[in-house]
Amino acid sequence: MPQDKLVKTAEEILVQTLELSKQLKQRSIVLPSSLSVGANSDLWNTHDGEIKAVRSRILALTMQLDTLLEGPHGFLHEYVSTNWDHGALYALLEFDVMEKIPLDGTSVGFAQLAGEVGLEPEKLLRICRLVATAGILQETEEGFFAHTAISETLARDEGYKKFIGFQLFETRVASAHLADSLRKSNPFWNGESAFEHAWGMPMYDWHTKNPSKGKRFAQAMESVSQNLDPGNGMVIDWFTNHQSSNKDDRAALVVEVSGKTGSFSCQLAAIFPGLCFEVQDSSSELLQRGEKALVPKLVGRVRFSQRDLFAPRSIEEVDGEGGDRSLTPIVFLLRGVLWSLDDSKAIKLLQSFIPAMQRRERPLLVINDLVSPAWGSFEPHAERAFRRRDVTLMTMHNVKQRTASEWGILICSASPQFKVTYSERYSSHSCRGLWEVQLGDKGEKNANGDS
């Protein structure tokens, strides 16, 4: 008699959960006992080592058990019905309902909430009740709602609330138009994104014409870069490990290319007092905003420069001809720039650094960008998060998220002298690669290494 698959899966969930509990206790990590207001556990923020692996196995098994219990029709119905859950949550965010619920864990009636936010009471009741069934809110007694730790996050973390709002509006509308955008020939890079098909213009242009949504998007991306995306951490760690690379008597200069308002350069300047920074961008508006926001203690260490980002960077330019000769460029930083460029434009930008990299000190080019992980790298629930990112970039921008192999071929095709060292890092939602590019001597062939 074949073994009961349901029982076997449930037993394995128990085995893995006991192992996770053991691992948490060994590392003195408090086990989560509830999702009530104020609940917290390092389990939710630990994304490395064995704890991450065991946690991932449990989530994969529970997903498998859910599917076995629901069957094909039940699974598909639940899969598509979450659209209504998302619409309900977006309504609560747009009307700032979360902020009107007490953060001390006490509940408030729907009629009072409706009066505070200006909504029809019976409609708000149904919206809150649906959101509560997902565990985001809790209905403590009929018609009364209180926070959980999940809704508390949305009430306290403005940046993360903006990220969720962006996901619930712009991306949902764009994804609904993905199929129609594919009905005609629509190649990557040169075709039309689903967002553009839906709204009549590319996403960044639409955000410019809708400044409130544009501001929300900017806040959302800042929150993601700090909390969900490992890219910034990779760059910070790289500089930590290379602080002694400058052998020149002059101060070390890092040039962040397409650095927009320079917020990340300012963050690096605060962490590494021995480094100076130049923020290059083609937008004078962004650079002016950055200069205005520069805190007094960083004046003199962070400067802003408008230029054509694709124009070649000569040795004379980086050596301070007609400018500041007290600084030695040691790194050109490309952070999240190349993903949106097709191969020809990306190669042109990479080649713009070659003259400057021939300088005596051989400045490095450090690239940090999005990577599509190799197929089958993760448990199914984690794999889904990365495949979402692949489809997100296609839907919102009509760009192809490159694999590590495709990135390596692209970078090395810019110059046979490029010597590349590659590393990558994952979070629960994003994979980032970091390429350290050196310019070898003429006649040397491309060399690639992993770290």
# chains A, B, ... in the order shown; residues from 1 in each chain; ligands from 1
call {"tool": "closest_atom_pairs", "arguments": {"of": "segment 258-308 of chain A", "to": "segment 219-235 of chain A", "cutoff": "10 Å", "atoms": "only C-alpha atoms", "output": "tab-separated table"}}
result
residue	atom	partner	partner_atom	distance
A:Ser263	CA	A:Glu222	CA	9.5
A:Phe264	CA	A:Asn232	CA	8.2
A:Gln267	CA	A:Asn232	CA	9.8
A:Leu268	CA	A:Val235	CA	9.1
call {"tool": "select_by_dssp", "arguments": {"residues": "segment 155-260 of chain A", "states": "helix (DSSP H, G or I)", "output": "number ranges by chain"}}
result
A: 155-156, 158-168, 170-176, 178-181, 194-199, 203-209, 211-227, 231-241
call {"tool": "closest_residue", "arguments": {"among": "A:His177, A:Arg289, A:Phe378, A:Ala88", "to": "Lys123 of chain A", "atoms": "only C-alpha atoms"}}
result
A:Ala88
call {"tool": "residues_around", "arguments": {"residues": "Ala155 of chain A", "least_positions_apart": "4", "cutoff": "10 Å", "atoms": "only C-alpha atoms", "output": "PyMOL selection string"}}
result
chain A and resi 93+96-103+147+149-151+160-161
call {"tool": "residues_around", "arguments": {"residues": "Lys8 of chain A", "least_positions_apart": "4", "cutoff": "12 Å", "atoms": "only C-alpha atoms", "output": "list in words"}}
result
Pro2, Gln3, Asp4, Glu12, Ile13, Leu14, Val15, Leu61, Thr62, Gln64, Leu65 and Leu68 of chain A
call {"tool": "write_last_selection", "arguments": {"atoms": "N, CA and C atoms", "output": "PDB file, in the first residue's frame"}}
result
ATOM      1  N   PRO A   2       0.695   2.161  -0.961  1.00  0.00           N
ATOM      2  CA  PRO A   2       1.560   3.342  -1.014  1.00  0.00           C
ATOM      3  C   PRO A   2       1.394   4.193   0.243  1.00  0.00           C
ATOM      4  N   GLN A   3       2.489   4.796   0.648  1.00  0.00           N
ATOM      5  CA  GLN A   3       2.458   5.624   1.849  1.00  0.00           C
ATOM      6  C   GLN A   3       1.576   6.847   1.631  1.00  0.00           C
ATOM      7  N   ASP A   4       0.839   7.230   2.655  1.00  0.00           N
ATOM      8  CA  ASP A   4      -0.045   8.396   2.596  1.00  0.00           C
ATOM      9  C   ASP A   4       0.790   9.657   2.408  1.00  0.00           C
ATOM     10  N   GLU A  12       7.055  15.335   7.758  1.00  0.00           N
ATOM     11  CA  GLU A  12       8.305  16.010   7.402  1.00  0.00           C
ATOM     12  C   GLU A  12       8.280  17.475   7.850  1.00  0.00           C
ATOM     13  N   ILE A  13       7.092  18.098   7.785  1.00  0.00           N
ATOM     14  CA  ILE A  13       6.963  19.465   8.303  1.00  0.00           C
ATOM     15  C   ILE A  13       7.303  19.488   9.791  1.00  0.00           C
ATOM     16  N   LEU A  14       6.816  18.501  10.535  1.00  0.00           N
ATOM     17  CA  LEU A  14       7.107  18.439  11.968  1.00  0.00           C
ATOM     18  C   LEU A  14       8.598  18.241  12.210  1.00  0.00           C
ATOM     19  N   VAL A  15       9.216  17.343  11.464  1.00  0.00           N
ATOM     20  CA  VAL A  15      10.655  17.089  11.627  1.00  0.00           C
ATOM     21  C   VAL A  15      11.451  18.368  11.385  1.00  0.00           C
ATOM     22  N   LEU A  61       7.363  22.770   2.005  1.00  0.00           N
ATOM     23  CA  LEU A  61       6.519  21.633   2.369  1.00  0.00           C
ATOM     24  C   LEU A  61       5.083  22.067   2.660  1.00  0.00           C
ATOM     25  N   THR A  62       4.922  23.196   3.350  1.00  0.00           N
ATOM     26  CA  THR A  62       3.563  23.662   3.641  1.00  0.00           C
ATOM     27  C   THR A  62       2.847  24.070   2.357  1.00  0.00           C
ATOM     28  N   GLN A  64       3.365  22.665  -0.522  1.00  0.00           N
ATOM     29  CA  GLN A  64       3.032  21.376  -1.139  1.00  0.00           C
ATOM     30  C   GLN A  64       1.797  20.762  -0.482  1.00  0.00           C
ATOM     31  N   LEU A  65       1.734  20.855   0.846  1.00  0.00           N
ATOM     32  CA  LEU A  65       0.584  20.307   1.570  1.00  0.00           C
ATOM     33  C   LEU A  65      -0.695  21.068   1.212  1.00  0.00           C
ATOM     34  N   LEU A  68      -1.891  19.878  -2.193  1.00  0.00           N
ATOM     35  CA  LEU A  68      -2.469  18.529  -2.116  1.00  0.00           C
ATOM     36  C   LEU A  68      -3.871  18.562  -1.516  1.00  0.00           C
TER      37      LEU A  68
END
call {"tool": "residues_around", "arguments": {"residues": "segment 131-145 of chain A", "least_positions_apart": "4", "cutoff": "9 Å", "atoms": "only C-alpha atoms", "output": "list in words"}}
result
Leu35, Asp85, His86, Ala88, Leu89, Leu92, Ile101, Thr106, Ser107, Val108, Gly109, Phe110, Ala111, Leu125, Arg126, Ile127, Ala149, Ile150, Ser151 and Glu152 of chain A
